[in-house]
Amino acid sequence: MTSKIEEFAKTLAEAESTLVGIVPLTSMDSKLTVKEAYYVQLENIKKKVEQGQKIVGKKIGLTSLAMQNLLGVDEPDYGHLLDSMVVENGGFISTKKVLQPKVEAEIAFILKKELRGPNLTALDVLQATEYIVPALEIVDSRVKDWKIKLADTVADNASSGFYVLGGKPVKVEDIDLELIGMAFYKNGKLVNTGVGAAALGNPANCVAWLANKLSEFDIPLRAGEVILSGALSAAIEARTGDSFTARFAHIGQVSVHF
């Protein structure tokens, strides 16, 4: 573990604790690599686990071509989900617990078997999935004003905040993942629509990418884990008093309030 990785991990942990945004890590060190950034993320996750938090899943970000183009990258990124990030369906999140939250609607995979890359395919993912449900992810950046490059968001646990699971469990063999339609509402008004194919052509492709990427760090996706497979439309800013609901064809709806 290099002193740079430890220092950046400490800087992000302090920003999360104090809710005071920082300048981008990439402005502190223009040579910060994405691999180094993943080690920064893993260092903070390790410390949280040592403090008693539990890893309950993983999340995939930057699955849309638009977001990849925005950050000048050609692949997604990932972060860890902890039990401290869980919010019940229809629950409330205090804006005093977040810096600059945005909400995304996506499909969550609940695994029944371990997935360990490399060389996994979407079929492997489907065979390892117990069921899917609709999800909301509340993304939040510890970097001031969301002025992030890929290494910044990777180090910051892929800009993770909270997540909500809703709807009803549906077996993947009973549905066409590519064609699942989604309507996203803020304060009762339709603000976005999306479809499963928006996430790398099929949300299962995203989960396969994740399992293969994690193999570089000898980390599997474990049975029972929740995998957030990537946003089906743009993230929407959240402020005190806002409510969000995502309605998915065939699998139900999920909501959260601020």
# chains A, B, ... in the order shown; residues from 1 in each chain; ligands from 1

call {"tool": "residues_around", "arguments": {"residues": "region 127-142 of chain A", "least_positions_apart": "4", "cutoff": "7 Å", "atoms": "only C-alpha atoms", "output": "PyMOL selection string"}}
result
chain A and resi 12+15-16+21-22+98-114+123+146+156+159-172+248+251-254

call {"tool": "write_last_selection", "arguments": {"atoms": "N, CA and C atoms", "output": "CSV table (one decimal), in the first residue's frame"}}
result
chain,number,residue,atom,x,y,z
A,12,LEU,N,-10.8,11.1,1.2
A,12,LEU,CA,-12.2,10.8,0.8
A,12,LEU,C,-13.0,10.5,2.0
A,15,ALA,N,-14.0,13.6,3.8
A,15,ALA,CA,-15.0,14.3,3.1
A,15,ALA,C,-16.4,13.7,3.3
A,16,GLU,N,-16.4,12.3,3.3
A,16,GLU,CA,-17.7,11.6,3.6
A,16,GLU,C,-18.2,11.9,5.0
A,21,GLY,N,-17.2,18.8,0.5
A,21,GLY,CA,-16.6,18.3,-0.8
A,21,GLY,C,-15.1,18.7,-0.9
A,22,ILE,N,-14.4,17.9,-1.7
A,22,ILE,CA,-13.0,18.1,-1.9
A,22,ILE,C,-12.8,18.5,-3.4
A,98,VAL,N,-26.1,13.6,2.9
A,98,VAL,CA,-25.5,13.6,1.6
A,98,VAL,C,-25.0,15.0,1.2
A,99,LEU,N,-24.1,15.0,0.2
A,99,LEU,CA,-23.6,16.3,-0.2
A,99,LEU,C,-24.3,16.8,-1.4
A,100,GLN,N,-24.4,16.1,-2.5
A,100,GLN,CA,-25.0,16.5,-3.7
A,100,GLN,C,-25.7,15.4,-4.4
A,101,PRO,N,-26.8,14.8,-3.9
A,101,PRO,CA,-27.3,13.6,-4.3
A,101,PRO,C,-28.1,13.7,-5.7
A,102,LYS,N,-28.0,12.6,-6.4
A,102,LYS,CA,-28.8,12.4,-7.6
A,102,LYS,C,-29.4,11.0,-7.6
A,103,VAL,N,-30.5,10.8,-8.3
A,103,VAL,CA,-31.2,9.5,-8.2
A,103,VAL,C,-31.2,8.9,-9.6
A,104,GLU,N,-31.0,7.6,-9.6
A,104,GLU,CA,-31.0,6.8,-10.9
A,104,GLU,C,-31.9,5.6,-10.7
A,105,ALA,N,-32.6,5.2,-11.8
A,105,ALA,CA,-33.4,4.0,-11.8
A,105,ALA,C,-32.7,2.9,-12.5
A,106,GLU,N,-32.7,1.7,-11.9
A,106,GLU,CA,-32.0,0.6,-12.6
A,106,GLU,C,-32.6,-0.7,-12.1
A,107,ILE,N,-32.1,-1.8,-12.7
A,107,ILE,CA,-32.5,-3.1,-12.4
A,107,ILE,C,-31.5,-3.8,-11.4
A,108,ALA,N,-32.0,-4.4,-10.3
A,108,ALA,CA,-31.1,-5.1,-9.4
A,108,ALA,C,-31.2,-6.6,-9.6
A,109,PHE,N,-30.0,-7.2,-9.6
A,109,PHE,CA,-29.9,-8.7,-9.7
A,109,PHE,C,-29.6,-9.2,-8.3
A,110,ILE,N,-30.3,-10.2,-7.9
A,110,ILE,CA,-30.0,-10.9,-6.6
A,110,ILE,C,-29.4,-12.3,-7.0
A,111,LEU,N,-28.2,-12.5,-6.6
A,111,LEU,CA,-27.5,-13.7,-7.0
A,111,LEU,C,-27.8,-15.0,-6.1
A,112,LYS,N,-27.9,-16.1,-6.8
A,112,LYS,CA,-28.0,-17.4,-6.0
A,112,LYS,C,-26.8,-18.2,-6.0
A,113,LYS,N,-25.9,-17.8,-7.0
A,113,LYS,CA,-24.6,-18.6,-7.1
A,113,LYS,C,-23.5,-17.5,-7.2
A,114,GLU,N,-22.3,-18.0,-6.8
A,114,GLU,CA,-21.1,-17.1,-7.0
A,114,GLU,C,-20.7,-16.9,-8.5
A,123,LEU,N,-25.0,-15.1,-20.2
A,123,LEU,CA,-25.7,-16.4,-19.9
A,123,LEU,C,-25.3,-16.9,-18.5
A,146,TRP,N,-19.4,17.8,-8.5
A,146,TRP,CA,-19.3,16.7,-9.5
A,146,TRP,C,-18.2,16.9,-10.6
A,156,ASP,N,-13.8,7.1,-5.2
A,156,ASP,CA,-14.9,7.5,-4.3
A,156,ASP,C,-16.0,6.5,-4.3
A,159,SER,N,-18.9,6.9,-6.7
A,159,SER,CA,-19.9,7.9,-6.3
A,159,SER,C,-21.2,7.3,-5.7
A,160,SER,N,-21.0,6.3,-4.8
A,160,SER,CA,-22.1,5.6,-4.2
A,160,SER,C,-22.6,6.4,-3.0
A,161,GLY,N,-24.0,6.3,-2.8
A,161,GLY,CA,-24.6,6.9,-1.6
A,161,GLY,C,-25.5,5.9,-0.9
A,162,PHE,N,-26.7,5.8,-1.4
A,162,PHE,CA,-27.6,4.8,-0.9
A,162,PHE,C,-28.3,4.1,-2.0
A,163,TYR,N,-29.1,3.1,-1.6
A,163,TYR,CA,-29.9,2.4,-2.7
A,163,TYR,C,-31.2,1.8,-2.1
A,164,VAL,N,-32.2,1.7,-2.9
A,164,VAL,CA,-33.5,1.2,-2.5
A,164,VAL,C,-33.9,0.1,-3.5
A,165,LEU,N,-34.4,-1.0,-2.9
A,165,LEU,CA,-35.0,-2.1,-3.7
A,165,LEU,C,-36.5,-2.1,-3.5
A,166,GLY,N,-37.3,-2.4,-4.6
A,166,GLY,CA,-38.7,-2.4,-4.5
A,166,GLY,C,-39.3,-3.5,-5.4
A,167,GLY,N,-40.6,-3.2,-5.8
A,167,GLY,CA,-41.2,-4.1,-6.7
A,167,GLY,C,-41.4,-5.5,-6.2
A,168,LYS,N,-41.5,-6.4,-7.1
A,168,LYS,CA,-41.7,-7.9,-6.7
A,168,LYS,C,-40.6,-8.7,-7.4
A,169,PRO,N,-40.1,-9.7,-6.7
A,169,PRO,CA,-39.0,-10.6,-7.3
A,169,PRO,C,-39.6,-11.3,-8.6
A,170,VAL,N,-38.8,-11.2,-9.7
A,170,VAL,CA,-39.2,-11.9,-10.9
A,170,VAL,C,-38.0,-12.7,-11.4
A,171,LYS,N,-38.3,-13.9,-11.8
A,171,LYS,CA,-37.2,-14.8,-12.3
A,171,LYS,C,-36.8,-14.2,-13.7
A,172,VAL,N,-35.5,-14.3,-14.0
A,172,VAL,CA,-35.0,-13.7,-15.3
A,172,VAL,C,-35.6,-14.5,-16.5
A,248,PHE,N,-41.5,0.1,-13.4
A,248,PHE,CA,-40.9,-0.8,-14.4
A,248,PHE,C,-42.0,-1.7,-14.9
A,251,ILE,N,-42.2,-5.7,-13.4
A,251,ILE,CA,-41.5,-6.0,-12.1
A,251,ILE,C,-41.8,-5.0,-11.0
A,252,GLY,N,-42.7,-4.0,-11.3
A,252,GLY,CA,-43.2,-3.2,-10.2
A,252,GLY,C,-42.5,-1.8,-10.1
A,253,GLN,N,-42.6,-1.2,-9.0
A,253,GLN,CA,-42.1,0.1,-8.8
A,253,GLN,C,-41.3,0.2,-7.5
A,254,VAL,N,-40.5,1.4,-7.4
A,254,VAL,CA,-39.7,1.6,-6.2
A,254,VAL,C,-39.7,3.1,-6.0

call {"tool": "select_by_dssp", "arguments": {"residues": "region 94-258 of chain A", "states": "strand (DSSP E)", "output": "ChimeraX atom specification"}}
result
/A:102-111,129-139,160-165,181-186,189-195,226-231,236-237,243-248,252-257

call {"tool": "select_by_dssp", "arguments": {"residues": "region 25-238 of chain A", "states": "helix (DSSP H, G or I)", "output": "PyMOL selection string"}}
result
chain A and resi 25-28+34-50+65-71+83-85+95-97+122-128+144-146+150-155+157-159+172-174+177-179+196-198+203-217

call {"tool": "residues_around", "arguments": {"residues": "Leu65 (chain A)", "least_positions_apart": "2", "cutoff": "12 Å", "atoms": "only C-alpha atoms", "output": "MDAnalysis selection string"}}
result
chainID A and resid 61:63 67:76 197:201 230:234

call {"tool": "residues_around", "arguments": {"residues": "Pro24 (chain A)", "least_positions_apart": "6", "cutoff": "12 Å", "atoms": "only C-alpha atoms", "output": "PDB file with C-alpha atoms, in the first residue's frame"}}
result
ATOM      1  CA  PHE A   8      -6.271   9.745  -0.855  1.00  0.00           C
ATOM      2  CA  THR A  11      -9.056  12.452   2.253  1.00  0.00           C
ATOM      3  CA  LEU A  12     -12.208  10.835   0.812  1.00  0.00           C
ATOM      4  CA  ALA A  15     -15.041  14.291   3.113  1.00  0.00           C
ATOM      5  CA  SER A  30      -2.689  14.256 -12.598  1.00  0.00           C
ATOM      6  CA  LEU A  32      -3.462   8.996 -10.705  1.00  0.00           C
ATOM      7  CA  ALA A  37      -8.081   4.610  -7.765  1.00  0.00           C
ATOM      8  CA  SER A 141     -19.922  12.574  -4.942  1.00  0.00           C
ATOM      9  CA  ARG A 142     -17.460  13.653  -2.303  1.00  0.00           C
ATOM     10  CA  VAL A 143     -15.819  15.733  -5.065  1.00  0.00           C
ATOM     11  CA  LYS A 144     -17.166  19.279  -5.088  1.00  0.00           C
ATOM     12  CA  ASP A 145     -19.631  20.126  -7.885  1.00  0.00           C
ATOM     13  CA  TRP A 146     -19.299  16.675  -9.465  1.00  0.00           C
ATOM     14  CA  LYS A 147     -16.117  17.793 -11.252  1.00  0.00           C
ATOM     15  CA  ILE A 148     -14.957  14.208 -11.677  1.00  0.00           C
ATOM     16  CA  LYS A 149     -12.850  12.197 -14.029  1.00  0.00           C
ATOM     17  CA  LEU A 150     -12.960   8.408 -14.090  1.00  0.00           C
ATOM     18  CA  ALA A 151     -10.236   7.975 -11.440  1.00  0.00           C
ATOM     19  CA  ASP A 152     -12.055  10.394  -9.112  1.00  0.00           C
ATOM     20  CA  THR A 153     -15.349   8.514  -9.136  1.00  0.00           C
ATOM     21  CA  VAL A 154     -13.635   5.105  -8.923  1.00  0.00           C
ATOM     22  CA  ALA A 155     -11.670   6.152  -5.840  1.00  0.00           C
ATOM     23  CA  ASP A 156     -14.902   7.538  -4.348  1.00  0.00           C
TER      24      ASP A 156
END

call {"tool": "closest_residue", "arguments": {"among": "A:Pro203, A:Gly188, A:Gly52, A:Gly194", "to": "Asp176 (chain A)", "atoms": "only C-alpha atoms"}}
result
A:Pro203

call {"tool": "atom_distance", "arguments": {"atom1": "CA of Lys58 (chain A)", "atom2": "CA of Val207 (chain A)"}}
result
9.4 Å

call {"tool": "closest_residue", "arguments": {"among": "A:Leu81, A:Leu42, A:Gly57, A:Lys96", "to": "Thr18 (chain A)", "atoms": "only C-alpha atoms"}}
result
A:Lys96

call {"tool": "residues_around", "arguments": {"residues": "Ala183 (chain A)", "least_positions_apart": "2", "cutoff": "9 Å", "atoms": "only C-alpha atoms", "output": "PyMOL selection string"}}
result
chain A and resi 105+181+185+190-195+245-249

call {"tool": "write_last_selection", "arguments": {"atoms": "N, CA and C atoms", "output": "short mmCIF file (atom, residue, chain, number, x, y, z; two decimals), in the first residue's frame"}}
result
data_model
loop_
_atom_site.label_atom_id
_atom_site.label_comp_id
_atom_site.auth_asym_id
_atom_site.auth_seq_id
_atom_site.Cartn_x
_atom_site.Cartn_y
_atom_site.Cartn_z
N ALA A 105 -32.56 5.22 -11.77
CA ALA A 105 -33.41 4.04 -11.77
C ALA A 105 -32.70 2.91 -12.51
N GLY A 181 -39.36 -1.81 -19.89
CA GLY A 181 -39.50 -0.36 -19.96
C GLY A 181 -39.55 0.24 -18.56
N TYR A 185 -40.25 9.20 -12.30
CA TYR A 185 -41.01 10.38 -11.89
C TYR A 185 -40.33 11.11 -10.74
N LEU A 190 -43.30 13.03 -14.86
CA LEU A 190 -42.42 12.17 -15.63
C LEU A 190 -41.17 12.96 -16.07
N VAL A 191 -40.00 12.48 -15.69
CA VAL A 191 -38.77 13.20 -16.04
C VAL A 191 -37.85 12.38 -16.96
N ASN A 192 -38.04 11.07 -16.98
CA ASN A 192 -37.17 10.21 -17.79
C ASN A 192 -37.88 8.92 -18.13
N THR A 193 -37.51 8.34 -19.24
CA THR A 193 -37.90 6.97 -19.54
C THR A 193 -36.65 6.20 -19.94
N GLY A 194 -36.73 4.89 -19.84
CA GLY A 194 -35.58 4.08 -20.21
C GLY A 194 -36.01 2.67 -20.53
N VAL A 195 -35.07 1.88 -20.97
CA VAL A 195 -35.33 0.49 -21.32
C VAL A 195 -34.09 -0.32 -20.98
N THR A 245 -40.05 8.17 -7.97
CA THR A 245 -40.63 6.85 -8.18
C THR A 245 -40.23 6.35 -9.57
N ALA A 246 -39.80 5.11 -9.63
CA ALA A 246 -39.53 4.47 -10.92
C ALA A 246 -40.50 3.31 -11.08
N ARG A 247 -41.20 3.30 -12.21
CA ARG A 247 -42.16 2.21 -12.51
C ARG A 247 -41.61 1.40 -13.67
N PHE A 248 -41.48 0.12 -13.44
CA PHE A 248 -40.92 -0.80 -14.44
C PHE A 248 -42.01 -1.73 -14.94
N ALA A 249 -42.02 -1.99 -16.23
CA ALA A 249 -42.96 -2.98 -16.78
C ALA A 249 -42.66 -4.34 -16.17
#

call {"tool": "residues_around", "arguments": {"residues": "Lys10 (chain A)", "least_positions_apart": "3", "cutoff": "12 Å", "atoms": "only C-alpha atoms", "output": "PDB file with N, CA and C atoms, in the first residue's frame"}}
result
ATOM      1  N   SER A   3       1.852   5.313   0.129  1.00  0.00           N
ATOM      2  CA  SER A   3       1.386   6.432   0.963  1.00  0.00           C
ATOM      3  C   SER A   3       0.354   7.268   0.207  1.00  0.00           C
ATOM      4  N   LYS A   4       0.486   7.356  -1.129  1.00  0.00           N
ATOM      5  CA  LYS A   4      -0.477   8.123  -1.920  1.00  0.00           C
ATOM      6  C   LYS A   4      -1.868   7.524  -1.805  1.00  0.00           C
ATOM      7  N   ILE A   5      -1.973   6.216  -1.925  1.00  0.00           N
ATOM      8  CA  ILE A   5      -3.276   5.561  -1.837  1.00  0.00           C
ATOM      9  C   ILE A   5      -3.875   5.754  -0.451  1.00  0.00           C
ATOM     10  N   GLU A   6      -3.050   5.590   0.582  1.00  0.00           N
ATOM     11  CA  GLU A   6      -3.539   5.789   1.949  1.00  0.00           C
ATOM     12  C   GLU A   6      -3.998   7.232   2.172  1.00  0.00           C
ATOM     13  N   GLU A   7      -3.244   8.168   1.640  1.00  0.00           N
ATOM     14  CA  GLU A   7      -3.564   9.586   1.808  1.00  0.00           C
ATOM     15  C   GLU A   7      -4.867   9.941   1.105  1.00  0.00           C
ATOM     16  N   ALA A  13     -12.460   9.674   2.932  1.00  0.00           N
ATOM     17  CA  ALA A  13     -13.185   9.265   4.132  1.00  0.00           C
ATOM     18  C   ALA A  13     -13.561  10.476   4.980  1.00  0.00           C
ATOM     19  N   GLU A  14     -12.652  11.439   5.062  1.00  0.00           N
ATOM     20  CA  GLU A  14     -12.927  12.651   5.836  1.00  0.00           C
ATOM     21  C   GLU A  14     -14.025  13.478   5.170  1.00  0.00           C
ATOM     22  N   ALA A  15     -14.003  13.552   3.832  1.00  0.00           N
ATOM     23  CA  ALA A  15     -15.041  14.291   3.113  1.00  0.00           C
ATOM     24  C   ALA A  15     -16.410  13.656   3.330  1.00  0.00           C
ATOM     25  N   GLU A  16     -16.445  12.347   3.349  1.00  0.00           N
ATOM     26  CA  GLU A  16     -17.714  11.647   3.577  1.00  0.00           C
ATOM     27  C   GLU A  16     -18.209  11.878   4.998  1.00  0.00           C
ATOM     28  N   SER A  17     -17.289  11.896   5.943  1.00  0.00           N
ATOM     29  CA  SER A  17     -17.647  12.073   7.351  1.00  0.00           C
ATOM     30  C   SER A  17     -18.109  13.492   7.654  1.00  0.00           C
ATOM     31  N   ILE A  22     -14.426  17.925  -1.681  1.00  0.00           N
ATOM     32  CA  ILE A  22     -13.001  18.148  -1.916  1.00  0.00           C
ATOM     33  C   ILE A  22     -12.753  18.463  -3.386  1.00  0.00           C
ATOM     34  N   LEU A  25      -9.292  14.391  -6.902  1.00  0.00           N
ATOM     35  CA  LEU A  25      -7.998  13.750  -6.657  1.00  0.00           C
ATOM     36  C   LEU A  25      -7.092  13.903  -7.873  1.00  0.00           C
ATOM     37  N   VAL A  40      -7.599   2.762  -3.842  1.00  0.00           N
ATOM     38  CA  VAL A  40      -8.090   3.755  -2.881  1.00  0.00           C
ATOM     39  C   VAL A  40      -9.480   3.334  -2.395  1.00  0.00           C
ATOM     40  N   GLN A  41     -10.340   2.974  -3.344  1.00  0.00           N
ATOM     41  CA  GLN A  41     -11.684   2.518  -2.985  1.00  0.00           C
ATOM     42  C   GLN A  41     -11.623   1.316  -2.045  1.00  0.00           C
ATOM     43  N   LEU A  42     -10.809   0.334  -2.400  1.00  0.00           N
ATOM     44  CA  LEU A  42     -10.720  -0.896  -1.599  1.00  0.00           C
ATOM     45  C   LEU A  42     -10.182  -0.619  -0.204  1.00  0.00           C
ATOM     46  N   GLU A  43      -9.297   0.352  -0.074  1.00  0.00           N
ATOM     47  CA  GLU A  43      -8.758   0.711   1.240  1.00  0.00           C
ATOM     48  C   GLU A  43      -9.862   1.244   2.151  1.00  0.00           C
ATOM     49  N   ASN A  44     -10.707   2.106   1.620  1.00  0.00           N
ATOM     50  CA  ASN A  44     -11.800   2.635   2.449  1.00  0.00           C
ATOM     51  C   ASN A  44     -12.865   1.589   2.740  1.00  0.00           C
ATOM     52  N   ILE A  45     -13.135   0.710   1.779  1.00  0.00           N
ATOM     53  CA  ILE A  45     -14.095  -0.374   2.033  1.00  0.00           C
ATOM     54  C   ILE A  45     -13.558  -1.297   3.119  1.00  0.00           C
ATOM     55  N   LYS A  47     -11.599  -0.543   5.583  1.00  0.00           N
ATOM     56  CA  LYS A  47     -11.722   0.133   6.876  1.00  0.00           C
ATOM     57  C   LYS A  47     -13.157   0.106   7.378  1.00  0.00           C
ATOM     58  N   LYS A  48     -14.111   0.274   6.478  1.00  0.00           N
ATOM     59  CA  LYS A  48     -15.516   0.247   6.891  1.00  0.00           C
ATOM     60  C   LYS A  48     -15.926  -1.141   7.374  1.00  0.00           C
ATOM     61  N   ALA A 155     -12.225   6.063  -7.191  1.00  0.00           N
ATOM     62  CA  ALA A 155     -11.670   6.152  -5.840  1.00  0.00           C
ATOM     63  C   ALA A 155     -12.766   6.405  -4.811  1.00  0.00           C
ATOM     64  N   ASP A 156     -13.795   7.149  -5.220  1.00  0.00           N
ATOM     65  CA  ASP A 156     -14.902   7.538  -4.348  1.00  0.00           C
ATOM     66  C   ASP A 156     -16.002   6.480  -4.347  1.00  0.00           C
TER      67      ASP A 156
END

call {"tool": "decode", "arguments": {"residues": "region 12-37 of chain A", "atoms": "N, CA and C atoms", "output": "PDB file, in the first residue's frame"}}
result
ATOM      1  N   LEU A  12     -10.821  11.135   1.184  1.00  0.00           N
ATOM      2  CA  LEU A  12     -12.208  10.835   0.812  1.00  0.00           C
ATOM      3  C   LEU A  12     -13.044  10.451   2.028  1.00  0.00           C
ATOM      4  N   ALA A  13     -12.460   9.674   2.932  1.00  0.00           N
ATOM      5  CA  ALA A  13     -13.185   9.265   4.132  1.00  0.00           C
ATOM      6  C   ALA A  13     -13.561  10.476   4.980  1.00  0.00           C
ATOM      7  N   GLU A  14     -12.652  11.439   5.062  1.00  0.00           N
ATOM      8  CA  GLU A  14     -12.927  12.651   5.836  1.00  0.00           C
ATOM      9  C   GLU A  14     -14.025  13.478   5.170  1.00  0.00           C
ATOM     10  N   ALA A  15     -14.003  13.552   3.832  1.00  0.00           N
ATOM     11  CA  ALA A  15     -15.041  14.291   3.113  1.00  0.00           C
ATOM     12  C   ALA A  15     -16.410  13.656   3.330  1.00  0.00           C
ATOM     13  N   GLU A  16     -16.445  12.347   3.349  1.00  0.00           N
ATOM     14  CA  GLU A  16     -17.714  11.647   3.577  1.00  0.00           C
ATOM     15  C   GLU A  16     -18.209  11.878   4.998  1.00  0.00           C
ATOM     16  N   SER A  17     -17.289  11.896   5.943  1.00  0.00           N
ATOM     17  CA  SER A  17     -17.647  12.073   7.351  1.00  0.00           C
ATOM     18  C   SER A  17     -18.109  13.492   7.654  1.00  0.00           C
ATOM     19  N   THR A  18     -17.424  14.470   7.091  1.00  0.00           N
ATOM     20  CA  THR A  18     -17.726  15.872   7.387  1.00  0.00           C
ATOM     21  C   THR A  18     -18.747  16.484   6.432  1.00  0.00           C
ATOM     22  N   LEU A  19     -19.027  15.778   5.330  1.00  0.00           N
ATOM     23  CA  LEU A  19     -19.906  16.283   4.269  1.00  0.00           C
ATOM     24  C   LEU A  19     -19.402  17.603   3.703  1.00  0.00           C
ATOM     25  N   VAL A  20     -18.094  17.683   3.570  1.00  0.00           N
ATOM     26  CA  VAL A  20     -17.457  18.837   2.934  1.00  0.00           C
ATOM     27  C   VAL A  20     -16.750  18.339   1.677  1.00  0.00           C
ATOM     28  N   GLY A  21     -17.174  18.808   0.505  1.00  0.00           N
ATOM     29  CA  GLY A  21     -16.607  18.348  -0.754  1.00  0.00           C
ATOM     30  C   GLY A  21     -15.150  18.735  -0.917  1.00  0.00           C
ATOM     31  N   ILE A  22     -14.426  17.925  -1.681  1.00  0.00           N
ATOM     32  CA  ILE A  22     -13.001  18.148  -1.916  1.00  0.00           C
ATOM     33  C   ILE A  22     -12.753  18.463  -3.386  1.00  0.00           C
ATOM     34  N   VAL A  23     -11.567  18.971  -3.679  1.00  0.00           N
ATOM     35  CA  VAL A  23     -11.172  19.135  -5.079  1.00  0.00           C
ATOM     36  C   VAL A  23     -10.884  17.744  -5.638  1.00  0.00           C
ATOM     37  N   PRO A  24     -10.965  17.562  -6.944  1.00  0.00           N
ATOM     38  CA  PRO A  24     -10.731  16.227  -7.515  1.00  0.00           C
ATOM     39  C   PRO A  24      -9.346  15.682  -7.164  1.00  0.00           C
ATOM     40  N   LEU A  25      -9.292  14.391  -6.902  1.00  0.00           N
ATOM     41  CA  LEU A  25      -7.998  13.750  -6.657  1.00  0.00           C
ATOM     42  C   LEU A  25      -7.092  13.903  -7.873  1.00  0.00           C
ATOM     43  N   THR A  26      -7.712  13.892  -9.063  1.00  0.00           N
ATOM     44  CA  THR A  26      -6.914  13.995 -10.285  1.00  0.00           C
ATOM     45  C   THR A  26      -6.307  15.386 -10.460  1.00  0.00           C
ATOM     46  N   SER A  27      -6.807  16.373  -9.705  1.00  0.00           N
ATOM     47  CA  SER A  27      -6.157  17.681  -9.737  1.00  0.00           C
ATOM     48  C   SER A  27      -5.016  17.736  -8.721  1.00  0.00           C
ATOM     49  N   MET A  28      -5.095  16.864  -7.700  1.00  0.00           N
ATOM     50  CA  MET A  28      -3.988  16.750  -6.746  1.00  0.00           C
ATOM     51  C   MET A  28      -2.838  15.944  -7.347  1.00  0.00           C
ATOM     52  N   ASP A  29      -3.206  14.973  -8.183  1.00  0.00           N
ATOM     53  CA  ASP A  29      -2.207  14.120  -8.827  1.00  0.00           C
ATOM     54  C   ASP A  29      -2.715  13.770 -10.224  1.00  0.00           C
ATOM     55  N   SER A  30      -2.218  14.458 -11.220  1.00  0.00           N
ATOM     56  CA  SER A  30      -2.689  14.256 -12.598  1.00  0.00           C
ATOM     57  C   SER A  30      -2.316  12.885 -13.141  1.00  0.00           C
ATOM     58  N   LYS A  31      -1.413  12.184 -12.460  1.00  0.00           N
ATOM     59  CA  LYS A  31      -0.978  10.859 -12.918  1.00  0.00           C
ATOM     60  C   LYS A  31      -1.700   9.710 -12.204  1.00  0.00           C
ATOM     61  N   LEU A  32      -2.708  10.032 -11.404  1.00  0.00           N
ATOM     62  CA  LEU A  32      -3.462   8.996 -10.705  1.00  0.00           C
ATOM     63  C   LEU A  32      -4.126   8.067 -11.714  1.00  0.00           C
ATOM     64  N   THR A  33      -3.800   6.782 -11.639  1.00  0.00           N
ATOM     65  CA  THR A  33      -4.358   5.819 -12.588  1.00  0.00           C
ATOM     66  C   THR A  33      -5.667   5.243 -12.062  1.00  0.00           C
ATOM     67  N   VAL A  34      -6.453   4.659 -12.967  1.00  0.00           N
ATOM     68  CA  VAL A  34      -7.707   4.040 -12.565  1.00  0.00           C
ATOM     69  C   VAL A  34      -7.436   2.856 -11.637  1.00  0.00           C
ATOM     70  N   LYS A  35      -6.379   2.099 -11.907  1.00  0.00           N
ATOM     71  CA  LYS A  35      -6.060   0.956 -11.035  1.00  0.00           C
ATOM     72  C   LYS A  35      -5.712   1.441  -9.629  1.00  0.00           C
ATOM     73  N   GLU A  36      -4.927   2.507  -9.538  1.00  0.00           N
ATOM     74  CA  GLU A  36      -4.627   3.080  -8.220  1.00  0.00           C
ATOM     75  C   GLU A  36      -5.910   3.536  -7.540  1.00  0.00           C
ATOM     76  N   ALA A  37      -6.814   4.130  -8.320  1.00  0.00           N
ATOM     77  CA  ALA A  37      -8.081   4.610  -7.765  1.00  0.00           C
ATOM     78  C   ALA A  37      -8.902   3.459  -7.184  1.00  0.00           C
TER      79      ALA A  37
END
